[in-house]
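Peer 1: Input structure: protein-v8.csv, which contains CSV, C-alpha atoms (C1' of nucleotides).
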```csv
chain,number,residue,atom,x,y,z
A,1,MET,CA,74.9,113.1,175.5
A,2,PRO,CA,72.5,116.1,175.1
A,3,GLU,CA,72.5,118.9,177.6
A,4,LEU,CA,69.8,118.5,180.3
A,5,SER,CA,69.8,122.2,181.3
A,6,ASP,CA,67.3,123.3,178.7
A,7,ILE,CA,64.7,120.9,180.1
A,8,ARG,CA,62.0,123.5,180.5
A,9,THR,CA,62.0,124.4,176.9
A,10,ARG,CA,62.8,121.0,175.4
A,11,ALA,CA,59.9,119.1,173.9
A,12,VAL,CA,59.9,115.9,175.9
A,13,LEU,CA,56.3,115.3,176.9
A,14,PRO,CA,53.6,113.4,174.9
A,15,ILE,CA,50.1,114.8,174.9
A,16,SER,CA,49.0,112.1,177.4
A,17,THR,CA,51.4,113.6,180.0
A,18,VAL,CA,50.2,117.1,179.3
A,19,ILE,CA,46.7,116.0,179.8
A,20,ALA,CA,47.7,114.5,183.2
A,21,LEU,CA,49.6,117.6,184.3
A,22,THR,CA,47.0,120.2,183.2
A,23,ASP,CA,43.6,118.4,183.5
A,24,LEU,CA,42.8,119.7,180.1
A,25,THR,CA,41.4,117.3,177.4
A,26,ALA,CA,43.2,116.4,174.2
A,27,ARG,CA,40.5,118.3,172.4
A,28,GLN,CA,41.2,121.5,174.3
A,29,ILE,CA,45.0,121.2,173.9
A,30,ARG,CA,44.8,120.6,170.1
A,31,TYR,CA,42.2,123.3,169.7
A,32,TYR,CA,44.3,125.9,171.4
A,33,GLU,CA,47.1,124.9,169.1
A,34,ALA,CA,44.8,125.2,166.0
A,35,GLN,CA,44.0,128.7,167.1
A,36,GLY,CA,47.7,129.6,167.1
A,37,LEU,CA,48.2,129.7,170.9
A,38,LEU,CA,51.1,127.3,171.0
A,39,HIS,CA,53.3,125.3,168.6
A,40,PRO,CA,54.5,122.0,170.0
A,41,LEU,CA,57.1,120.1,168.1
A,42,ARG,CA,56.3,116.9,166.2
A,43,THR,CA,58.1,113.6,166.1
A,44,PRO,CA,59.1,112.2,162.7
A,45,GLY,CA,55.8,110.2,163.0
A,46,ASN,CA,53.8,113.4,163.5
A,47,HIS,CA,53.1,113.0,167.2
A,48,ARG,CA,53.0,116.2,169.2
A,49,MET,CA,55.8,116.7,171.8
A,50,TYR,CA,55.5,119.4,174.5
A,51,SER,CA,57.9,121.2,176.8
A,52,LEU,CA,57.3,122.1,180.4
A,53,LYS,CA,56.9,125.7,179.3
A,54,ASP,CA,54.1,124.6,177.0
A,55,VAL,CA,52.4,123.1,180.0
A,56,ASP,CA,52.7,126.4,181.9
A,57,ASP,CA,51.4,128.2,178.8
A,58,LEU,CA,48.4,125.9,178.5
A,59,VAL,CA,47.5,126.3,182.2
A,60,GLU,CA,47.7,130.1,181.7
A,61,ILE,CA,45.6,130.0,178.5
A,62,HIS,CA,42.9,128.0,180.2
A,63,SER,CA,42.9,130.4,183.1
A,64,GLN,CA,42.5,133.4,180.8
A,65,LEU,CA,39.7,131.6,179.0
A,66,ALA,CA,37.9,131.1,182.2
A,67,ALA,CA,38.4,134.8,182.9
A,68,GLY,CA,36.4,135.7,179.9
A,69,PHE,CA,39.0,136.2,177.2
A,70,SER,CA,38.6,134.5,173.8
A,71,LEU,CA,41.4,132.5,172.2
A,72,ALA,CA,41.6,135.1,169.4
A,73,GLU,CA,42.3,137.8,172.0
A,74,LEU,CA,44.9,135.7,173.7
A,75,ARG,CA,46.6,135.0,170.4
A,76,ASP,CA,46.7,138.7,169.4
A,77,ALA,CA,48.0,139.6,172.9
A,78,GLN,CA,50.8,137.1,172.4
A,79,LYS,CA,52.0,139.0,169.4
A,80,GLN,CA,52.5,142.2,171.4
A,81,PRO,CA,56.2,142.3,172.6
A,82,LYS,CA,56.4,142.3,176.4
A,83,PRO,CA,59.1,144.7,177.6
A,84,LYS,CA,58.8,143.5,181.2
A,85,THR,CA,62.3,142.7,182.5
A,86,LYS,CA,64.0,144.5,179.7
A,87,LEU,CA,63.2,148.0,180.9
A,88,SER,CA,66.2,150.4,180.9
A,89,ASP,CA,67.0,152.4,183.9
A,90,GLU,CA,65.6,155.5,182.2
A,91,GLU,CA,62.4,153.7,181.4
A,92,VAL,CA,62.0,152.7,185.0
A,93,ARG,CA,62.6,156.3,186.2
A,94,ALA,CA,60.0,157.5,183.6
A,95,ALA,CA,57.5,154.9,184.9
A,96,LEU,CA,58.1,156.1,188.4
A,97,ARG,CA,57.6,159.7,187.4
A,98,SER,CA,54.4,158.7,185.7
A,99,GLU,CA,53.3,156.8,188.7
A,100,LEU,CA,53.7,159.8,190.9
A,101,LEU,CA,51.9,162.1,188.5
A,102,ASN,CA,49.0,159.8,187.9
A,103,GLN,CA,48.4,158.6,191.4
A,104,GLY,CA,49.2,154.9,190.8
A,105,ARG,CA,47.4,154.5,187.5
A,106,LEU,CA,49.9,153.0,185.1
A,107,ASN,CA,47.2,151.8,182.7
A,108,PRO,CA,45.8,154.7,180.7
A,109,ARG,CA,43.7,152.3,178.5
A,110,GLY,CA,41.7,151.2,181.5
A,111,ASP,CA,42.3,147.5,181.0
A,112,SER,CA,41.7,145.2,184.0
A,113,PRO,CA,44.9,145.3,186.2
A,114,THR,CA,44.7,141.5,186.8
A,115,GLN,CA,45.5,140.1,183.4
A,116,GLY,CA,49.3,140.4,183.1
A,117,PHE,CA,49.5,141.3,179.5
A,118,GLY,CA,51.2,144.3,178.0
A,119,PHE,CA,53.2,146.9,179.9
A,120,ARG,CA,53.3,146.7,183.7
A,121,LEU,CA,55.9,148.0,186.1
B,1,MET,CA,45.4,120.7,189.0
B,2,PRO,CA,48.4,118.6,190.0
B,3,GLU,CA,51.4,120.1,191.7
B,4,LEU,CA,54.3,120.7,189.3
B,5,SER,CA,56.9,120.9,192.0
B,6,ASP,CA,57.6,117.2,192.0
B,7,ILE,CA,58.6,117.2,188.4
B,8,ARG,CA,61.9,115.5,188.9
B,9,THR,CA,60.4,112.4,190.4
B,10,ARG,CA,57.1,112.4,188.5
B,11,ALA,CA,56.8,109.8,185.7
B,12,VAL,CA,56.1,112.0,182.6
B,13,LEU,CA,58.5,110.8,179.9
B,14,PRO,CA,57.9,108.0,177.4
B,15,ILE,CA,60.8,105.7,176.5
B,16,SER,CA,61.3,107.6,173.2
B,17,THR,CA,62.2,110.8,175.1
B,18,VAL,CA,64.5,108.9,177.4
B,19,ILE,CA,66.3,107.5,174.4
B,20,ALA,CA,66.7,111.0,173.0
B,21,LEU,CA,67.9,112.4,176.3
B,22,THR,CA,70.4,109.6,177.2
B,23,ASP,CA,71.6,108.2,173.8
B,24,LEU,CA,70.8,104.7,175.2
B,25,THR,CA,68.8,102.2,173.1
B,26,ALA,CA,65.4,100.9,174.1
B,27,ARG,CA,67.0,97.5,174.5
B,28,GLN,CA,69.5,98.9,177.1
B,29,ILE,CA,66.9,100.8,179.0
B,30,ARG,CA,64.5,97.8,179.3
B,31,TYR,CA,67.4,95.4,180.1
B,32,TYR,CA,68.6,97.6,183.0
B,33,GLU,CA,65.0,97.6,184.3
B,34,ALA,CA,64.8,93.8,183.9
B,35,GLN,CA,68.0,93.5,186.0
B,36,GLY,CA,66.3,95.5,188.8
B,37,LEU,CA,68.2,98.8,188.3
B,38,LEU,CA,65.1,101.0,188.0
B,39,HIS,CA,61.4,100.7,188.2
B,40,PRO,CA,59.5,103.1,185.8
B,41,LEU,CA,55.8,103.4,186.2
B,42,ARG,CA,53.4,102.0,183.6
B,43,THR,CA,50.4,103.6,182.0
B,44,PRO,CA,47.1,101.7,182.2
B,45,GLY,CA,48.0,100.4,178.7
B,46,ASN,CA,51.3,99.1,180.0
B,47,HIS,CA,53.6,101.7,178.5
B,48,ARG,CA,56.7,102.7,180.6
B,49,MET,CA,56.8,106.2,181.9
B,50,TYR,CA,60.0,107.7,183.3
B,51,SER,CA,60.9,110.6,185.6
B,52,LEU,CA,63.8,113.0,185.1
B,53,LYS,CA,65.4,111.2,188.1
B,54,ASP,CA,65.2,107.9,186.1
B,55,VAL,CA,67.0,109.7,183.3
B,56,ASP,CA,69.8,110.7,185.7
B,57,ASP,CA,69.9,107.2,187.1
B,58,LEU,CA,70.2,105.6,183.6
B,59,VAL,CA,73.1,107.9,182.6
B,60,GLU,CA,74.8,107.0,185.9
B,61,ILE,CA,74.2,103.3,185.4
B,62,HIS,CA,75.6,103.4,181.9
B,63,SER,CA,78.6,105.3,183.2
B,64,GLN,CA,79.3,102.7,185.9
B,65,LEU,CA,78.8,99.9,183.3
B,66,ALA,CA,81.5,101.5,181.1
B,67,ALA,CA,83.7,101.7,184.2
B,68,GLY,CA,83.6,97.9,184.5
B,69,PHE,CA,80.9,97.2,186.9
B,70,SER,CA,78.2,94.6,186.2
B,71,LEU,CA,74.5,95.3,186.5
B,72,ALA,CA,74.3,92.8,189.3
B,73,GLU,CA,76.9,94.7,191.2
B,74,LEU,CA,75.1,98.0,190.7
B,75,ARG,CA,71.8,96.5,191.8
B,76,ASP,CA,73.4,95.1,194.9
B,77,ALA,CA,75.1,98.4,195.6
B,78,GLN,CA,71.7,100.2,195.4
B,79,LYS,CA,70.4,98.1,198.2
B,80,GLN,CA,73.1,99.4,200.6
B,81,PRO,CA,71.7,102.5,202.4
B,82,LYS,CA,73.8,105.5,201.7
B,83,PRO,CA,74.2,107.5,204.9
B,84,LYS,CA,75.9,110.4,203.2
B,85,THR,CA,74.1,113.6,204.3
B,86,LYS,CA,72.4,111.8,207.2
B,87,LEU,CA,75.5,111.5,209.4
B,88,SER,CA,75.0,112.5,213.0
B,89,ASP,CA,77.5,114.8,214.7
B,90,GLU,CA,78.9,111.9,216.6
B,91,GLU,CA,79.4,109.9,213.4
B,92,VAL,CA,81.3,112.8,211.9
B,93,ARG,CA,83.5,113.1,214.9
B,94,ALA,CA,84.2,109.3,214.8
B,95,ALA,CA,85.1,109.6,211.1
B,96,LEU,CA,87.5,112.4,211.8
B,97,ARG,CA,89.1,110.4,214.6
B,98,SER,CA,89.5,107.5,212.3
B,99,GLU,CA,90.9,109.8,209.7
B,100,LEU,CA,93.6,111.0,212.0
B,101,LEU,CA,94.4,107.5,213.2
B,102,ASN,CA,94.6,105.9,209.7
B,103,GLN,CA,96.4,108.8,207.9
B,104,GLY,CA,93.6,109.6,205.4
B,105,ARG,CA,92.5,106.1,204.6
B,106,LEU,CA,88.7,106.0,205.3
B,107,ASN,CA,88.2,102.9,203.2
B,108,PRO,CA,89.5,99.8,205.1
B,109,ARG,CA,88.1,97.4,202.5
B,110,GLY,CA,90.3,98.8,199.8
B,111,ASP,CA,87.6,99.6,197.2
B,112,SER,CA,88.4,102.0,194.5
B,113,PRO,CA,88.0,105.5,195.9
B,114,THR,CA,86.4,106.8,192.6
B,115,GLN,CA,83.1,104.9,192.5
B,116,GLY,CA,80.9,106.7,195.0
B,117,PHE,CA,79.2,103.8,196.5
B,118,GLY,CA,79.0,102.9,200.2
B,119,PHE,CA,80.2,105.0,203.0
B,120,ARG,CA,82.2,108.1,202.4
B,121,LEU,CA,82.8,111.2,204.5
C,1,DT,C1',85.9,75.6,175.2
C,2,DT,C1',82.1,76.8,177.8
C,3,DT,C1',79.6,80.1,180.3
C,4,DG,C1',77.7,84.5,181.5
C,5,DT,C1',76.7,89.4,180.5
C,6,DT,C1',75.2,92.8,177.5
C,7,DT,C1',73.2,94.3,173.3
C,8,DG,C1',71.1,93.8,168.5
C,9,DT,C1',67.2,92.5,165.9
C,10,DC,C1',63.0,90.7,164.4
C,11,DA,C1',58.0,89.3,164.6
C,12,DG,C1',53.3,89.7,166.2
C,13,DG,C1',50.2,92.1,169.0
C,14,DT,C1',48.4,96.1,171.7
C,15,DT,C1',48.2,101.0,173.0
C,16,DA,C1',48.6,105.9,171.9
C,17,DT,C1',48.0,109.5,168.8
C,18,DC,C1',46.7,111.5,164.5
C,19,DT,C1',43.1,114.0,161.4
C,20,DG,C1',38.6,115.0,159.9
C,21,DA,C1',33.8,115.2,160.6
C,22,DC,C1',29.6,115.9,163.0
C,23,DA,C1',27.1,117.0,167.4
C,24,DT,C1',26.3,119.8,171.6
C,25,DC,C1',26.0,123.8,174.4
C,26,DA,C1',26.3,128.5,176.0
C,27,DA,C1',26.5,133.3,174.9
C,28,DC,C1',25.3,136.7,172.0
C,29,DA,C1',23.1,139.4,168.0
C,30,DG,C1',19.4,140.3,165.2
D,1,DC,C1',12.7,133.6,169.5
D,2,DT,C1',16.0,132.3,166.1
D,3,DG,C1',20.5,132.1,164.0
D,4,DT,C1',25.5,132.6,164.5
D,5,DT,C1',29.9,132.0,166.8
D,6,DG,C1',33.3,129.9,170.0
D,7,DA,C1',34.6,126.1,172.7
D,8,DT,C1',34.2,121.4,173.5
D,9,DG,C1',32.6,116.3,173.1
D,10,DT,C1',32.7,112.3,170.5
D,11,DC,C1',33.5,109.0,167.0
D,12,DA,C1',35.8,106.4,163.0
D,13,DG,C1',39.7,105.0,160.4
D,14,DA,C1',44.6,105.2,159.8
D,15,DT,C1',49.3,105.4,161.5
D,16,DA,C1',53.0,105.7,165.0
D,17,DA,C1',54.8,104.1,169.3
D,18,DC,C1',55.4,100.6,172.5
D,19,DC,C1',55.1,95.9,174.3
D,20,DT,C1',56.9,91.0,175.1
D,21,DG,C1',59.4,87.0,173.7
D,22,DA,C1',62.8,84.8,171.2
D,23,DC,C1',67.1,84.1,169.0
D,24,DA,C1',71.8,85.7,167.7
D,25,DA,C1',76.2,88.2,168.2
D,26,DA,C1',80.1,90.0,170.6
D,27,DC,C1',82.9,89.8,174.3
D,28,DA,C1',85.1,88.6,178.7
D,29,DA,C1',86.0,85.4,182.2
D,30,DA,C1',86.3,80.7,184.1
```
The structure in this file should be written as structure tokens.
Peer 2:
Amino acid sequence: MPELSDIRTRAVLPISTVIALTDLTARQIRYYEAQGLLHPLRTPGNHRMYSLKDVDDLVEIHSQLAAGFSLAELRDAQKQPKPKTKLSDEEVRAALRSELLNQGRLNPRGDSPTQGFGFRL
Amino acid sequence: MPELSDIRTRAVLPISTVIALTDLTARQIRYYEAQGLLHPLRTPGNHRMYSLKDVDDLVEIHSQLAAGFSLAELRDAQKQPKPKTKLSDEEVRAALRSELLNQGRLNPRGDSPTQGFGFRL
DNA sequence: TTTGTTTGTCAGGTTATCTGACATCAACAG
DNA sequence: CTGTTGATGTCAGATAACCTGACAAACAAA
């Protein structure tokens, strides 16, 4: 009996279910994959199988597309490692010091603060 | 965009996934359904679609089968409402009184105490 | 032995998904 | 204005997945 605890990352959903859960079309889902945005598993018969995490990612991708980003940009952004929850105590203190010195501007590159990519406190 | 919170009761899995998650055969899964033990939804094209709860139920059914119960017994047992968490305070007090009076035997019918069907405190 | 329950297996038919190609449409550049 | 690019729609042909129905096997119980 397989473990059922990894259900969010286990590929259990056919594309028809993903379509129903996301309101995306098969064309969109396959195109995002072709552009390198996700990598669903395949059955021995070559049918795509998706995890719940894939569904989340697809919704996020479509949201970012609607926000004006291109699939190429999203793909490149994926390659950047996201420190996020893996900040050491010292890094957190450094970020807080920077916060105080820069009056709340943690984003020296001037990117939109609403996208959620790259470094954020 | 559909809500993803009801994912445990939403029919999103094809029978091939259920087979992989349960180690049951398609024959077993369809036969349990034919005997009235579960009722997966169907796609417009008549393909069965299962929820994660269905997967849990199937594992439980197979376990009960291995324990010697017949599918007919399990089906009938399903029809019995299970009070369980819906006991009123008065019912709890009555059960405790009965407990004291009968020296721990809450099962006057003499069923096996390991099955988990019917009334239990 | 006979009967009932559960499971295996096969055949024939239908549905779901695949890939590849071409069309459309909007945004943008020249 | 015209041509290019990115995202999506749509279709055809092929294959995989699933369906039902039927018959057989294994086993336990009457």
Peer 1: So, counting all atoms listed in the file, which residue among B:Leu38, B:Ala26, B:Ala72, B:Leu52 is closest to chain A?
Peer 2: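 With all atoms listed in the file as the atom set, the closest residue is B:Leu52.
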Peer 1: For chain D, which residue out of A:Arg10, A:His62, A:His47, A:Arg42 is the nearest one, using all atoms listed in the file?
Peer 2: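 For chain D, the nearest of the candidates is A:His47.
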Peer 1: In Å, with one decimal, what is the gap from C1' of DG30 (chain C) to C1' of DA7 (chain D)?
Peer 2: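 Distance reported for this atom pair: 22.1 Å.
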Peer 1: Got a sec: who's within 12 Å of region 10-18 of chain C, counting all atoms listed in the file, leaving out chain neighbours fewer than 2 positions off, as a PyMOL selection string?
Peer 2: (chain A and resi 14-17+26+30+42-43+45-49) or (chain B and resi 14+42-48) or (chain C and resi 8+20) or (chain D and resi 13-24)
Peer 1: CA of Ile19 (chain A) and CA of Leu37 (chain B), how far apart in Å?
Peer 2: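 Interatomic distance here is 28.8 Å.
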Peer 1: Identify, on the basis of all atoms listed in the file, every residue whose closest approach to DT6 (chain C) does not exceed 12 Å; exclude the query and any residue fewer than 4 positions from it along the same chain; express the result as a PyMOL selection string.
Peer 2: (chain B and resi 27-32+35+62+65-66+69-72) or (chain D and resi 25-28)
Peer 1: Measure the distance from C1' of DG4 (chain C) to C1' of DA29 (chain D) in Å and round it to one decimal.
Peer 2: 8.4 Å
Peer 1: Based on only C-alpha atoms, which of the residues in chain A come within 6 Å of chain B? I want them as a list in words.
Peer 2: Met1, Val12, Leu13, Thr17 and Leu21 of chain A
Peer 1: For each of B:Leu74, B:Lys53, B:Thr25, B:Gly36, take the minimum atom-to-atom distance to chain C, counting only C-alpha atoms (C1' of nucleotides), then give the residue where this is smallest.
Peer 2: B:Thr25
